[in-house]
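The file query.cif comes next; it holds mmCIF, C-alpha atoms.
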data_model
#
loop_
_atom_site.label_atom_id
_atom_site.label_comp_id
_atom_site.auth_asym_id
_atom_site.auth_seq_id
_atom_site.Cartn_x
_atom_site.Cartn_y
_atom_site.Cartn_z
CA MET A 254 10.27 -12.95 -45.40
CA LYS A 255 7.55 -12.33 -47.96
CA LYS A 256 4.22 -12.72 -46.28
CA SER A 257 1.64 -15.08 -47.75
CA PHE A 258 -1.43 -13.80 -46.04
CA VAL A 259 -3.45 -10.79 -47.18
CA ARG A 260 -3.23 -7.55 -45.22
CA THR A 261 -6.38 -5.90 -43.98
CA LEU A 262 -7.32 -2.64 -45.63
CA PHE A 263 -6.27 0.48 -43.81
CA ILE A 264 -8.94 2.66 -42.31
CA ILE A 265 -9.16 5.86 -44.32
CA ILE A 266 -9.19 9.04 -42.28
CA ALA A 267 -9.62 12.44 -43.77
CA ALA A 268 -6.33 14.18 -44.41
CA ALA A 269 -7.56 17.18 -42.46
CA CYS A 270 -7.48 15.07 -39.31
CA CYS A 271 -3.93 13.94 -39.89
CA THR A 272 -1.39 14.71 -37.17
CA THR A 273 1.33 12.38 -38.42
CA ALA A 274 2.76 12.44 -41.91
CA CYS A 275 3.44 9.39 -43.98
CA VAL A 276 7.14 8.82 -43.34
CA ARG A 277 7.86 5.64 -45.22
CA ASP A 278 7.57 4.85 -48.90
CA ASN A 279 4.29 3.01 -49.56
CA PHE A 280 3.47 3.02 -45.84
CA LYS A 281 0.34 4.81 -44.58
CA TYR A 282 0.11 5.59 -40.91
CA TYR A 283 -3.70 5.89 -41.03
CA GLY A 284 -5.31 2.81 -39.52
CA TYR A 285 -1.92 1.52 -38.40
CA GLU A 286 -2.98 0.55 -34.87
CA ASP A 287 -6.04 -1.27 -36.20
CA GLU A 288 -3.90 -3.29 -38.60
CA LEU A 289 -1.49 -4.21 -35.80
CA GLU A 290 -4.32 -5.37 -33.56
CA GLY A 291 -5.78 -7.44 -36.38
CA TYR A 292 -2.57 -9.31 -37.01
CA ALA A 293 -1.15 -9.33 -33.48
CA PRO A 294 -0.21 -12.78 -32.19
CA VAL A 295 -2.36 -12.25 -29.08
CA ASP A 296 -5.68 -10.64 -28.22
CA TYR A 297 -3.89 -7.96 -26.23
CA ILE A 298 -0.41 -7.16 -24.92
CA ASP A 299 0.26 -6.31 -21.29
CA GLN A 300 0.41 -2.50 -21.31
CA ASN A 301 3.43 -2.60 -18.99
CA HIS A 302 5.28 -5.17 -21.08
CA THR A 303 8.99 -4.52 -21.66
CA TRP A 304 9.66 -7.50 -23.97
CA THR A 305 12.78 -8.28 -21.89
CA LEU A 306 13.69 -11.68 -20.47
CA THR A 307 16.69 -10.52 -18.45
CA ALA A 308 17.56 -8.12 -15.65
CA THR A 309 20.81 -6.42 -14.71
CA GLN A 310 22.15 -7.78 -11.43
CA SER A 311 25.07 -6.96 -9.15
CA CYS A 312 26.76 -9.56 -7.00
CA GLY A 313 29.37 -8.90 -4.31
CA VAL A 314 32.06 -11.55 -3.79
CA ASN A 315 34.03 -11.77 -0.51
CA GLY A 316 37.00 -13.90 0.43
CA ILE A 317 38.77 -14.00 -2.91
CA PRO A 318 41.95 -16.14 -2.58
CA SER A 319 45.20 -14.24 -2.89
CA ASP A 320 46.39 -16.45 -5.76
CA ALA A 321 43.19 -16.02 -7.81
CA GLU A 322 43.56 -14.52 -11.28
CA ARG A 323 39.88 -14.27 -12.13
CA VAL A 324 36.49 -14.23 -10.38
CA VAL A 325 33.39 -15.30 -12.31
CA ILE A 326 29.64 -15.34 -11.81
CA LEU A 327 28.15 -18.58 -13.11
CA SER A 328 24.60 -19.66 -13.99
CA GLY A 329 25.06 -22.99 -12.21
CA ASN A 330 27.53 -25.33 -10.53
CA PRO A 331 30.03 -26.65 -13.10
CA PHE A 332 30.84 -29.59 -10.82
CA THR A 333 27.29 -30.91 -11.22
CA ASP A 334 25.73 -29.10 -14.20
CA ILE A 335 26.49 -29.21 -17.92
CA GLY A 336 26.49 -26.03 -20.02
CA VAL A 337 27.02 -23.55 -17.18
CA GLU A 338 27.39 -20.01 -18.50
CA ILE A 339 29.87 -17.34 -17.45
CA MET A 340 27.58 -14.34 -16.92
CA GLY A 341 30.10 -11.95 -15.37
CA GLU A 342 33.83 -11.81 -14.72
CA VAL A 343 36.62 -9.66 -13.35
CA TYR A 344 40.39 -10.09 -13.31
CA THR A 345 41.92 -9.59 -9.86
CA SER A 346 44.58 -7.30 -11.32
CA VAL A 347 41.99 -4.49 -11.34
CA LEU A 348 40.78 -5.12 -7.77
CA ALA A 349 41.96 -3.19 -4.71
CA GLY A 350 41.60 -6.15 -2.34
CA ARG A 351 39.89 -9.49 -1.82
CA TYR A 352 36.40 -8.20 -2.67
CA ALA A 353 34.74 -7.72 -6.03
CA ASN A 354 31.42 -6.31 -7.13
CA ILE A 355 30.42 -7.81 -10.47
CA SER A 356 27.56 -6.56 -12.63
CA TYR A 357 26.02 -8.98 -15.09
CA VAL A 358 22.83 -9.84 -16.98
CA ALA A 359 20.73 -12.78 -15.77
CA PRO A 360 17.55 -14.44 -17.05
CA GLN A 361 14.46 -13.39 -15.10
CA THR A 362 13.86 -17.02 -14.17
CA LEU A 363 17.27 -17.55 -12.54
CA SER A 364 17.21 -17.25 -8.73
CA THR A 365 20.56 -18.72 -7.63
CA VAL A 366 24.01 -18.04 -9.04
CA TYR A 367 27.52 -19.26 -8.25
CA ALA A 368 30.67 -17.24 -7.68
CA ALA A 369 34.02 -18.88 -8.29
CA ALA A 370 37.68 -17.92 -8.09
CA LEU A 371 40.11 -19.41 -10.62
CA ASP A 372 43.88 -19.40 -10.82
CA GLU A 373 45.94 -18.53 -13.90
CA ASP A 374 45.58 -22.08 -15.23
CA GLY A 375 41.79 -22.04 -14.91
CA ASN A 376 41.66 -24.29 -11.85
CA TYR A 377 38.89 -23.66 -9.31
CA LEU A 378 40.23 -22.32 -6.03
CA SER A 379 36.84 -21.70 -4.43
CA ILE A 380 33.16 -21.75 -5.31
CA ALA A 381 29.90 -20.89 -3.51
CA SER A 382 26.27 -20.17 -4.34
CA GLY A 383 24.02 -17.27 -3.40
CA ALA A 384 21.24 -14.93 -4.44
CA LYS A 385 21.65 -13.35 -7.86
CA ASN A 386 21.60 -9.82 -6.43
CA GLY A 387 23.38 -10.32 -3.10
CA THR A 388 26.78 -11.03 -1.58
CA ILE A 389 28.56 -14.38 -1.78
CA THR A 390 31.43 -15.29 0.56
CA LEU A 391 33.87 -17.80 -0.89
CA PRO A 392 35.06 -20.62 1.38
CA SER A 393 38.74 -21.19 2.02
CA GLU A 394 38.58 -24.80 0.79
CA ALA A 395 39.01 -25.69 -2.87
CA PRO A 396 36.23 -27.79 -4.45
CA THR A 397 36.83 -31.45 -5.19
CA GLY A 398 35.93 -33.38 -8.31
CA THR A 399 36.22 -32.65 -12.02
CA PRO A 400 34.20 -29.71 -13.36
CA TYR A 401 32.44 -29.62 -16.70
CA SER A 402 33.54 -26.96 -19.16
CA THR A 403 31.79 -23.62 -18.90
CA VAL A 404 30.61 -21.52 -21.85
CA LEU A 405 30.22 -17.81 -22.45
CA GLN A 406 26.78 -16.35 -21.85
CA GLU A 407 25.08 -16.02 -25.22
CA MET A 408 22.08 -13.98 -26.33
CA LYS A 409 19.99 -14.86 -29.36
CA TYR A 410 18.57 -11.85 -31.26
CA CYS A 411 15.62 -12.68 -33.50
CA PHE A 412 14.23 -10.11 -35.95
CA GLU A 413 11.07 -9.44 -37.95
CA ALA A 414 11.89 -7.36 -41.01
CA GLU A 415 8.45 -5.92 -41.80
CA TYR A 416 8.61 -3.06 -39.28
CA PRO A 417 6.52 -0.98 -38.81
CA LYS A 418 3.90 -3.23 -40.45
CA PRO A 419 2.91 -6.54 -38.88
CA GLY A 420 4.81 -9.57 -40.12
CA ASP A 421 4.19 -13.26 -39.61
CA TRP A 422 5.85 -13.08 -36.18
CA ASP A 423 8.22 -16.00 -36.68
CA TYR A 424 11.15 -13.73 -35.73
CA ASN A 425 13.61 -15.49 -38.02
CA ASP A 426 14.19 -12.91 -40.77
CA VAL A 427 17.63 -12.49 -39.20
CA VAL A 428 18.93 -14.48 -36.24
CA LEU A 429 22.12 -13.33 -34.50
CA SER A 430 23.96 -14.82 -31.52
CA ILE A 431 26.21 -12.57 -29.43
CA SER A 432 28.53 -13.34 -26.53
CA LYS A 433 31.31 -11.38 -24.84
CA GLU A 434 34.44 -11.89 -22.75
CA ILE A 435 37.24 -9.78 -21.35
CA THR A 436 40.49 -10.57 -23.14
CA PRO A 437 43.03 -12.06 -20.69
CA ASP A 438 45.99 -10.17 -22.16
CA ASN A 439 44.25 -6.79 -22.04
CA THR A 440 41.67 -6.19 -19.31
CA LYS A 441 40.59 -2.96 -21.03
CA MET A 442 39.39 -4.95 -24.04
CA VAL A 443 36.17 -6.91 -24.57
CA ALA A 444 35.85 -9.51 -27.32
CA LEU A 445 32.37 -9.52 -28.85
CA HIS A 446 31.60 -12.73 -30.73
CA VAL A 447 28.82 -12.24 -33.31
CA THR A 448 27.27 -15.15 -35.21
CA LEU A 449 24.85 -14.84 -38.13
CA GLU A 450 22.67 -17.92 -37.65
CA ALA A 451 19.86 -17.54 -40.15
CA VAL A 452 18.30 -15.31 -42.80
CA GLY A 453 14.57 -15.95 -43.29
CA TYR A 454 13.93 -13.23 -45.87
CA LEU A 455 14.31 -12.97 -49.64
CA SER A 456 15.18 -9.27 -49.81
CA GLN A 457 18.35 -7.52 -48.74
CA ILE A 458 18.89 -6.86 -45.03
CA ALA A 459 21.81 -5.02 -43.45
CA GLY A 460 22.99 -5.31 -39.85
CA ALA A 461 24.95 -3.34 -37.27
CA ILE A 462 25.47 -3.03 -33.50
CA ARG A 463 25.27 0.17 -31.48
CA LEU A 464 27.07 0.35 -28.15
CA ALA A 465 24.38 2.14 -26.17
CA GLY A 466 25.81 4.96 -24.07
CA TYR A 467 29.40 4.56 -25.25
CA ALA A 468 30.72 7.53 -27.21
CA ASN A 469 32.49 6.71 -30.43
CA ASP A 470 35.49 8.82 -29.37
CA ASN A 471 35.96 6.79 -26.18
CA VAL A 472 36.35 3.32 -27.69
CA THR A 473 38.42 1.72 -30.41
CA ILE A 474 36.92 -1.23 -32.27
CA THR A 475 38.82 -3.69 -34.44
CA LYS A 476 37.96 -7.02 -36.04
CA ASP A 477 39.58 -10.43 -36.05
CA ASP A 478 40.86 -10.93 -39.59
CA ALA A 479 40.24 -14.68 -39.55
CA THR A 480 36.57 -14.33 -40.57
CA THR A 481 34.34 -11.67 -42.08
CA PHE A 482 30.75 -10.88 -42.99
CA VAL A 483 31.94 -8.77 -45.93
CA ARG A 484 32.60 -11.27 -48.73
CA GLU A 485 32.71 -8.69 -51.51
CA PRO A 486 34.38 -5.58 -50.04
CA ASN A 487 34.35 -3.69 -53.36
CA ARG A 488 30.67 -4.32 -54.06
CA GLU A 489 28.49 -1.19 -54.02
CA ARG A 490 26.59 -0.86 -50.77
CA LEU A 491 22.92 0.02 -50.41
CA MET A 492 21.97 0.50 -46.74
CA LEU A 493 25.11 0.20 -44.63
CA THR A 494 27.30 2.46 -46.72
CA GLN A 495 29.98 2.90 -44.04
CA LYS A 496 32.87 0.58 -44.89
CA ASP A 497 34.79 1.05 -41.65
CA VAL A 498 34.30 -1.48 -38.86
CA GLN A 499 33.62 1.40 -36.45
CA PHE A 500 31.70 4.62 -37.02
CA ALA A 501 29.59 7.13 -35.08
CA ALA A 502 25.82 6.92 -34.70
CA LEU A 503 23.65 9.98 -35.16
CA ASN A 504 23.79 10.49 -31.38
CA GLY A 505 27.57 9.97 -31.21
CA ASN A 506 27.52 6.41 -29.88
CA ALA A 507 29.95 3.87 -31.29
CA VAL A 508 28.56 1.55 -33.97
CA ILE A 509 29.96 -1.73 -35.32
CA GLY A 510 29.11 -2.25 -38.98
CA LEU A 511 28.33 -5.93 -39.56
CA PHE A 512 27.04 -6.44 -43.10
CA ASP A 513 25.20 -4.59 -45.86
CA ASP A 514 23.66 -7.82 -47.14
CA ALA A 515 22.90 -10.74 -44.82
CA HIS A 516 22.57 -13.22 -47.70
CA LEU A 517 25.97 -12.30 -49.07
CA ALA A 518 27.43 -12.49 -45.56
CA MET A 519 26.42 -16.17 -45.41
CA PHE A 520 27.07 -17.22 -49.02
CA HIS A 521 29.20 -16.20 -51.97
CA LEU A 522 27.81 -14.63 -55.13
CA SER A 523 25.98 -16.77 -57.68
CA SER A 524 27.80 -17.68 -60.90
CA ASP A 525 26.12 -14.78 -62.71
CA GLY A 526 27.35 -12.28 -60.09
CA SER A 527 24.00 -11.90 -58.34
CA VAL A 528 23.37 -12.42 -54.63
CA TYR A 529 22.11 -15.90 -53.84
CA ARG A 530 18.84 -15.17 -52.01
CA ARG A 531 17.34 -18.08 -50.12
CA TYR A 532 15.75 -18.77 -46.78
CA PHE A 533 18.98 -19.74 -45.05
CA ASN A 534 18.46 -22.15 -42.14
CA THR A 535 14.73 -21.51 -41.65
CA ILE A 536 13.13 -24.22 -43.86
CA GLU A 537 12.59 -27.72 -42.48
CA ASN A 538 13.24 -29.47 -45.80
CA PRO A 539 15.03 -26.93 -48.00
CA THR A 540 14.73 -27.34 -51.76
CA SER A 541 14.95 -25.07 -54.78
CA SER A 542 11.16 -25.09 -55.04
CA ASN A 543 10.66 -23.58 -51.57
CA ASN A 544 13.69 -21.25 -51.84
CA GLY A 545 15.27 -22.92 -48.83
CA ALA A 546 18.93 -23.63 -48.26
CA THR A 547 21.18 -24.80 -45.45
CA GLN A 548 24.32 -22.80 -44.78
CA SER A 549 26.86 -22.88 -41.96
CA PRO A 550 26.53 -19.96 -39.51
CA ILE A 551 29.27 -17.33 -39.71
CA THR A 552 31.03 -16.03 -36.58
CA VAL A 553 33.09 -12.84 -36.50
CA THR A 554 34.87 -11.47 -33.42
CA TYR A 555 35.13 -7.73 -32.76
CA TYR A 556 37.46 -6.24 -30.15
CA ILE A 557 36.25 -3.23 -28.16
CA ASN A 558 39.08 -1.36 -26.46
CA PHE A 559 37.87 0.90 -23.64
CA ASN A 560 39.84 3.63 -21.89
CA ASP A 561 39.65 1.90 -18.51
CA ALA A 562 39.60 -1.70 -17.28
CA ASN A 563 36.71 -0.97 -14.91
CA ILE A 564 34.60 0.25 -17.82
CA ALA A 565 35.37 -2.97 -19.70
CA ARG A 566 34.40 -5.19 -16.74
CA ASN A 567 31.06 -3.37 -16.36
CA PHE A 568 30.15 -3.52 -20.04
CA LEU A 569 26.90 -5.52 -20.23
CA LEU A 570 25.07 -7.38 -22.97
CA THR A 571 22.05 -5.16 -22.31
CA GLU A 572 24.16 -2.27 -23.63
CA VAL A 573 24.63 -4.08 -26.92
CA ASP A 574 22.00 -2.82 -29.37
CA PRO A 575 22.09 -5.02 -32.49
CA PHE A 576 19.70 -3.93 -35.24
CA ILE A 577 18.87 -4.66 -38.84
CA LEU A 578 18.20 -2.21 -41.65
CA VAL A 579 15.48 -2.80 -44.22
CA GLN A 580 14.30 -1.04 -47.33
CA TYR A 581 10.60 -0.43 -47.78
CA GLY A 582 9.40 -0.69 -51.35
CA THR A 583 11.44 -1.83 -54.31
CA SER A 584 13.52 1.31 -54.76
CA GLY A 585 14.52 4.55 -53.11
CA THR A 586 16.38 5.30 -49.90
CA ASN A 587 13.69 4.72 -47.30
CA PHE A 588 15.68 2.60 -44.86
CA TRP A 589 14.33 1.79 -41.42
CA GLU A 590 16.03 0.14 -38.48
CA VAL A 591 14.60 -2.72 -36.43
CA HIS A 592 15.77 -2.74 -32.79
CA THR A 593 14.80 -4.71 -29.72
CA PHE A 594 12.04 -3.14 -27.66
CA PRO A 595 14.22 -1.14 -25.20
CA TYR A 596 15.81 0.64 -28.18
CA LYS A 597 12.86 0.46 -30.56
CA LEU A 598 12.66 4.20 -31.29
CA GLU A 599 16.38 4.69 -31.89
CA GLU A 600 17.49 6.28 -35.15
CA THR A 601 21.11 5.16 -35.26
CA ILE A 602 22.07 5.61 -38.91
CA TYR A 603 18.97 7.03 -40.60
CA LYS A 604 16.24 9.51 -39.70
CA TYR A 605 13.03 7.77 -40.71
CA TYR A 606 10.36 8.79 -38.18
CA ASN A 607 10.19 12.34 -39.53
CA GLY A 608 10.01 13.65 -35.97
CA ALA A 609 7.03 11.41 -35.15
CA ALA A 610 8.78 8.57 -33.30
CA GLN A 611 6.22 8.54 -30.48
CA SER A 612 3.56 7.58 -32.99
CA TYR A 613 5.25 4.17 -33.11
CA ALA A 614 5.68 3.80 -29.34
CA ASN A 615 3.10 1.03 -29.14
CA GLY A 616 3.40 -2.23 -27.26
CA TYR A 617 4.72 -4.29 -30.18
CA ALA A 618 8.26 -5.51 -30.76
CA TRP A 619 9.86 -6.65 -34.00
CA ALA A 620 12.99 -8.03 -32.34
CA LEU A 621 13.62 -10.28 -29.35
CA ALA A 622 16.68 -10.79 -27.15
CA ILE A 623 16.58 -14.30 -25.72
CA PRO A 624 19.04 -15.36 -22.98
CA ASP A 625 19.64 -18.88 -24.20
CA GLY A 626 22.46 -19.89 -26.53
CA ASP A 627 20.55 -23.09 -27.34
CA PHE A 628 17.32 -21.29 -28.22
CA ARG A 629 15.57 -22.82 -31.23
CA TYR A 630 13.88 -20.22 -33.43
CA PRO A 631 10.73 -21.07 -35.44
CA PHE A 632 10.59 -22.52 -38.92
CA GLU A 633 9.52 -20.28 -41.79
CA ASN A 634 5.99 -18.85 -41.39
CA GLN A 635 5.61 -20.51 -38.00
CA PRO A 636 4.74 -17.76 -35.49
CA MET A 637 6.77 -17.67 -32.30
CA GLY A 638 3.52 -18.13 -30.42
CA MET A 639 -0.12 -17.04 -30.51
CA LEU A 640 -2.95 -16.72 -28.01
CA LYS A 641 -6.20 -15.85 -29.76
CA ASN A 642 -9.68 -16.47 -28.35
CA SER A 643 -8.09 -18.54 -25.55
CA ILE A 644 -6.44 -20.84 -28.11
CA VAL A 645 -2.67 -21.23 -27.68
CA SER A 646 -0.63 -22.08 -30.78
CA GLY A 647 2.67 -21.45 -32.52
CA ALA A 648 6.23 -22.64 -31.98
CA TYR A 649 6.08 -21.95 -28.23
CA GLN A 650 2.61 -23.03 -27.15
CA THR A 651 3.00 -25.15 -24.01
CA LYS A 652 0.20 -24.18 -21.67
CA GLY A 653 1.60 -22.27 -18.70
CA HIS A 654 4.88 -21.74 -20.58
CA SER A 655 3.80 -20.14 -23.85
CA PHE A 656 4.96 -17.07 -25.72
CA GLY A 657 1.36 -15.83 -25.99
CA GLU A 658 0.77 -16.01 -22.24
CA TRP A 659 3.97 -14.03 -21.67
CA LEU A 660 2.78 -11.28 -24.02
CA GLU A 661 -0.53 -10.97 -22.21
CA ASP A 662 1.10 -10.98 -18.76
CA TYR A 663 4.75 -9.97 -18.45
CA GLU A 664 5.17 -11.83 -15.15
CA ALA A 665 3.77 -15.09 -16.55
CA ALA A 666 5.57 -17.80 -18.56
CA GLN A 667 8.94 -16.04 -18.48
CA ASP A 668 10.54 -19.39 -19.28
CA TRP A 669 8.55 -19.82 -22.52
CA TYR A 670 11.71 -19.97 -24.67
CA THR A 671 12.67 -23.32 -23.10
CA TYR A 672 9.45 -25.05 -24.25
CA PRO A 673 9.55 -25.48 -28.05
CA ALA A 674 6.83 -27.43 -29.82
CA ASP A 675 7.89 -30.55 -31.69
CA GLY A 676 8.27 -29.97 -35.42
CA ALA A 677 7.91 -26.19 -35.17
CA VAL A 678 11.46 -25.01 -34.56
CA TYR A 679 14.75 -25.17 -36.41
#

Once you've parsed the file, please lay out its structure as structure tokens.
Amino acid sequence: MKKSFVRTLFIIIAAACCTTACVRDNFKYYGYEDELEGYAPVDYIDQNHTWTLTATQSCGVNGIPSDAERVVILSGNPFTDIGVEIMGEVYTSVLAGRYANISYVAPQTLSTVYAAALDEDGNYLSIASGAKNGTITLPSEAPTGTPYSTVLQEMKYCFEAEYPKPGDWDYNDVVLSISKEITPDNTKMVALHVTLEAVGYLSQIAGAIRLAGYANDNVTITKDDATTFVREPNRERLMLTQKDVQFAALNGNAVIGLFDDAHLAMFHLSSDGSVYRRYFNTIENPTSSNNGATQSPITVTYYINFNDANIARNFLLTEVDPFILVQYGTSGTNFWEVHTFPYKLEETIYKYYNGAAQSYANGYAWALAIPDGDFRYPFENQPMGMLKNSIVSGAYQTKGHSFGEWLEDYEAAQDWYTYPADGAVY
């Protein structure tokens, strides 16, 4: 979004002392770290911070019933809890016996998980709890009672579009939700459900997903034709010029092209043929005077066909690298990508660091991956959270559970995203 506050002046350093060239139109590297510190949401960031709220786990499951079709790892007990997520799954057709080892991604705050075996009709044959990184033995008895419906594990990806400059840290310039599941009719295929939730920016933003570590030649990606992010397929593209659903990254990884224009992905063209640019789903009371508008989120499903069923079952959400593309300045072809922190220095489609990527390897992140499908992102110009001079503020400011405390100490307040402030989130 366009920022309302005034930037500090850059510190001018003699060109003779320069070791890093200016690599972005209208962007000066000189004084960059000082500007970041001045506008950082906290006084300092834990130098060992990874900006991740999840960890990859592996759970062994013993005693799988012979008539089970599927084994799942759940975030809770569906017989007592509402909204339990399916974090990992495997179909017994790919197993050699009555044991399964299932890799999955779990929130850092989760200590106990459940393993369950289901028959072909989805009925529970057995269920038991255990440590999230241990072995669970299923009992021979079937559970009693009526279970609540489970849901797919969903990650919310929240982006700041001003990279590499500081933004207003509300992380709502683009909000995506992503979930995955193995298709029952083809255990080599994973369905990736991608939802564009919000666009809190008035300039064009493109979006794509890299499959980290998966060569483009080893997967085939198709799209469900029922929905699309590409409303005007014949319209000239600016940043995401590839029109195919699947293409190769600079490093050979497979990439899913989502949209060249997030606004157009959510709304049709205006009557004069221009793109209708508004703050979609980020303004509390949207009106024409504040450029706000409410629009239904758009969900598109992509199908990733792997060469092997075991590869499909071990495909994790942490290997999904969604990113946005932004243009700096009002013209030209200076397009930069904004990734989550683990993939921050990736150059997937464009080379924009000019060989100086490590100059941007600071402790700041312009994108967050949040393991909560119900996560409520901040309103426009409301920072995710701040901790300055011992004062906690922002959309996530609950003392002991605040975003700012998490930034200053990675092991603290890892549940911050479950404590929104009243009136600060969408």

- Message: Restricting the calculation to all atoms listed in the file: of A:Ile335, A:Ala461, A:Ile602, A:Leu522, which residue gets closest to Val404 in chain A?
- Response: A:Ile335

- Task: In Å, rounded to a single decimal, give me how far CA of Pro437 in chain A is from CA of Thr390 in chain A.
- Result: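 Result for CA of Thr390 in chain A versus CA of Pro437 in chain A: 24.4 Å, one decimal.
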
- Point-to-point distance from CA of Lys604 in chain A to CA of Ile577 in chain A, Å rounded to tenths: 14.4 Å

- Query: Can you tell me how far CA of Ala620 in chain A sits from CA of Val579 in chain A, in Å to one decimal?
  - Reply: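 Result for CA of Ala620 in chain A versus CA of Val579 in chain A: 13.2 Å, one decimal.
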
- Item | Residues in the PyMOL selection byres ((chain A and resi 445) around 7), expressed as a list of chain:residue names |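 Against this file, the PyMOL selection byres ((chain A and resi 445) around 7) returns the residues A:Ile431, A:Ser432, A:Lys433, A:Glu434, A:Val443, A:Ala444, A:His446, A:Val447, A:Thr554, A:Tyr555, A:Tyr556.
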
- Message: Excluding range 419-424 of chain A and its own-chain neighbours fewer than 3 positions away, which residues fall within 9 Å of it when counting all atoms listed in the file? Please give them as a PyMOL selection string.
- Response: chain A and resi 254-258+260+288-289+292-294+410-416+427-428+453+619-621+630-638+647-648

Per-residue nearest contacts range 548-583 of chain A to range 498-520 of chain A, cut-off 8 Å, using only C-alpha atoms, as a Markdown table:
| residue | atom | partner | partner_atom | distance |
| --- | --- | --- | --- | --- |
| A:Gln548 | CA | A:Met519 | CA | 7.0 |
| A:Ser549 | CA | A:Met519 | CA | 7.6 |
| A:Pro550 | CA | A:Met519 | CA | 7.0 |
| A:Ile551 | CA | A:Met519 | CA | 6.5 |

- Nearest candidate to Thr552 in chain A (options A:Ala353, A:Val314, A:Ala451, A:Ala665; using all atoms listed in the file):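 Under the stated criterion, the closest residue is A:Ala451.
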
- Item | Picked residues, the PyMOL selection byres ((chain A and resi 341) around 12), as a PyMOL selection string | chain A and resi 309-314+323-328+338-340+342-344+353-359+366-369+385+404-407+432-435+565-570

- Residue with smallest distance to His592 in chain A - pool A:Pro486, A:Gly375, A:Gly383, A:Pro417, counting only C-alpha atoms: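 With only C-alpha atoms as the atom set, the closest residue is A:Pro417.
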
- Item | Within 7 Å of file point (-0.2, -2.5, -30.3), counting all atoms listed in the file, expressed as a ChimeraX atom specification | /A:286,289-290,615-617

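The residue that comes closest to Glu600 in chain A, out of A:Ser379, A:Asp320, A:Ser612, A:Phe576 and on the basis of only C-alpha atoms, is A:Phe576.
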
- Message: I'd like to see the residues matched by the PyMOL selection byres ((chain A and resi 530) around 7) on this file, and ideally I'd get them as a ChimeraX atom specification.
- Response: /A:455,516,528-529,531

Keeping only C-alpha atoms, take the residues you just selected and write them out as an mmCIF file, keeping the file's coordinate frame.
data_model
loop_
_atom_site.group_PDB
_atom_site.id
_atom_site.type_symbol
_atom_site.label_atom_id
_atom_site.label_comp_id
_atom_site.auth_asym_id
_atom_site.auth_seq_id
_atom_site.Cartn_x
_atom_site.Cartn_y
_atom_site.Cartn_z
ATOM 1 C CA LEU A 455 14.310 -12.970 -49.640
ATOM 2 C CA HIS A 516 22.570 -13.220 -47.700
ATOM 3 C CA VAL A 528 23.370 -12.420 -54.630
ATOM 4 C CA TYR A 529 22.110 -15.900 -53.840
ATOM 5 C CA ARG A 531 17.340 -18.080 -50.120
#

- Return the single residue from A:Ile462, A:Trp589, A:Arg351, A:Pro331 that is closest to Pro396 in chain A, with distances computed using all atoms listed in the file. A:Pro331

- Message: Calculated over only C-alpha atoms, which of the candidates A:Ala468, A:Val483, A:Ile623, A:Ala459 has the smallest distance to Trp669 in chain A?
- Response: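 The shortest atom-to-atom distance to Trp669 in chain A comes from A:Ile623.
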
- Task: Name the residues within 6 Å of (44.5, -16.5, -14.6), counting all atoms listed in the file in the file's coordinates, and put them as a ChimeraX atom specification.
- Result: /A:322-323,372-374

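Within the 12 Å cut-off around Glu664 in chain A, using all atoms listed in the file and omitting residues fewer than 2 positions from it on the same chain, the listed residues are Asp299, Asn301, His302, Thr303, Trp304, Thr305, Leu306, Gln361, Thr362, Gly653, His654, Phe656, Glu658, Trp659, Leu660, Glu661, Asp662, Ala666, Gln667, Asp668 and Trp669 of chain A.
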
Any chance you could export the current selection's C-alpha atoms as a PDB file, in the frame of the given file?
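New file part.pdb:
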ATOM      1  CA  ASP A 299       0.260  -6.310 -21.290  1.00  0.00           C
ATOM      2  CA  ASN A 301       3.430  -2.600 -18.990  1.00  0.00           C
ATOM      3  CA  HIS A 302       5.280  -5.170 -21.080  1.00  0.00           C
ATOM      4  CA  THR A 303       8.990  -4.520 -21.660  1.00  0.00           C
ATOM      5  CA  TRP A 304       9.660  -7.500 -23.970  1.00  0.00           C
ATOM      6  CA  THR A 305      12.780  -8.280 -21.890  1.00  0.00           C
ATOM      7  CA  LEU A 306      13.690 -11.680 -20.470  1.00  0.00           C
ATOM      8  CA  GLN A 361      14.460 -13.390 -15.100  1.00  0.00           C
ATOM      9  CA  THR A 362      13.860 -17.020 -14.170  1.00  0.00           C
ATOM     10  CA  GLY A 653       1.600 -22.270 -18.700  1.00  0.00           C
ATOM     11  CA  HIS A 654       4.880 -21.740 -20.580  1.00  0.00           C
ATOM     12  CA  PHE A 656       4.960 -17.070 -25.720  1.00  0.00           C
ATOM     13  CA  GLU A 658       0.770 -16.010 -22.240  1.00  0.00           C
ATOM     14  CA  TRP A 659       3.970 -14.030 -21.670  1.00  0.00           C
ATOM     15  CA  LEU A 660       2.780 -11.280 -24.020  1.00  0.00           C
ATOM     16  CA  GLU A 661      -0.530 -10.970 -22.210  1.00  0.00           C
ATOM     17  CA  ASP A 662       1.100 -10.980 -18.760  1.00  0.00           C
ATOM     18  CA  ALA A 666       5.570 -17.800 -18.560  1.00  0.00           C
ATOM     19  CA  GLN A 667       8.940 -16.040 -18.480  1.00  0.00           C
ATOM     20  CA  ASP A 668      10.540 -19.390 -19.280  1.00  0.00           C
ATOM     21  CA  TRP A 669       8.550 -19.820 -22.520  1.00  0.00           C
TER      22      TRP A 669
END
